[in-house]
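Input: a single structure, listed below in structure tokens.
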Amino acid sequence: MTNPVFPMATLLFDDEELCQPILRELARRGWKLAFEPALFGPDDAFCARVKARLLEWCNRQRRLPDDALVRQAMVHEYCHLLHAAVSRDDGRLQSMALNETIVYGWPLALKQYHERDLAESAVLRAVHKTWLTIERCQPGSYLAYFTSILLREIGQERRKQKPIGEHETTESDMADLQKDDAESPLLSFTDPAAQAAFDLVLNRESMSALLQVLRDCLENVRQEHIILLHFFAELNPSEIAGQLRMRVNQYYVEKSRALNRIRECCREEVARELQLRLAPSF
């Protein structure tokens, strides 16, 4: 196959070849807003939006499209529809969008809670807060925004059930903070809740590319976990320190090291990936 010349003027497959897998994925997920005329202008359609987004990303990343990138573009564009429907003063569309958000959040909550009542309560609170704060949400990151609120609701409920104690630091502990543990082996989680929360972050839509950038840049799994759990799961320092079995002082040292490393080696790559997702401030 001849190497493509970037920027490409068009994708290398026809509309039918692109639309069929998109329609199948929409049906599998039960996403119906893509067929609501009120959300589209004249000569506008969901598949056309996905195709335009896909072409933009391929040219920006200088890569050919694959199944994963098509799926990410589809989710990104559908997030725009969810955001628009929730923001509109249209009860029917708003109800459709919120119901689809609930369906999306349900398995995430059940992974945290075996009790269906607790899972349902967390999802409903998260949906309500998403609706109340929709103006803060980047349209293309709607599902990531909702997921971060849901994780925060779950974390708050867990704190009520089992408060996290204070972490004390001794002089010897502070001396240990000066050691560079970049060569340390991968963390072995002993807290199932911590592993579950981290799994939710990793499984979030469109996170794989950002995760790889962080992994290549930091080369330190502890710092990688801290960045993801802080900026994306939005856990507070005490929660992260408790989950990673470290003191709060050490958390701040490791977080600072990670952010310095990101600034030095991959700030532009991270910024580029975050344009498609959430936008934490370093």
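Chain lettering (A, B, ...) mirrors the order of the structure tokens, residue numbering begins at 1 for each chain separately, and ligand numbering begins at 1 in order of display.
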
(request) Once DSSP has gone over the backbone, tell me which residues of region 58-179 of chain A are in helix (DSSP H, G or I), as JSON, numbers by chain. (result) {"A": [58, 59, 60, 61, 67, 68, 69, 70, 71, 72, 73, 74, 75, 76, 77, 78, 79, 80, 81, 82, 83, 84, 85, 86, 87, 91, 92, 93, 94, 95, 96, 97, 98, 99, 100, 101, 102, 103, 104, 105, 106, 107, 108, 109, 110, 111, 112, 116, 117, 118, 119, 120, 121, 122, 123, 124, 125, 126, 127, 128, 129, 130, 131, 132, 134, 135, 136, 139, 140, 141, 142, 143, 144, 145, 146, 147, 148, 149, 150, 151, 152, 153, 154, 155, 156, 157, 158, 159, 160, 161, 171, 172, 173, 174, 175, 176]}

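Of the residues listed (A:Met8, A:Ile240, A:Ala45, A:Ala122), A:Met8 shows the shortest atom-to-atom separation from Trp57 (chain A); distances use only C-alpha atoms.
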
(request) Between CA of Pro7 (chain A) and CA of Cys58 (chain A), measure the distance and give it in Å to one decimal. (result) 8.3 Å

(request) Find, counting only C-alpha atoms, the residue in A:Asp44, A:Leu11, A:Ser141, A:Ile134 that gets nearest to Val75 (chain A). (result) A:Ser141

(request) May I have the residues within 12 Å of Tyr142 (chain A) as a ChimeraX atom specification, using only C-alpha atoms and disregarding those fewer than 6 positions away in the same chain? (result) /A:75-87,97-98,100-101,104,127,130-131,133-136,148-149,204-206,276-278
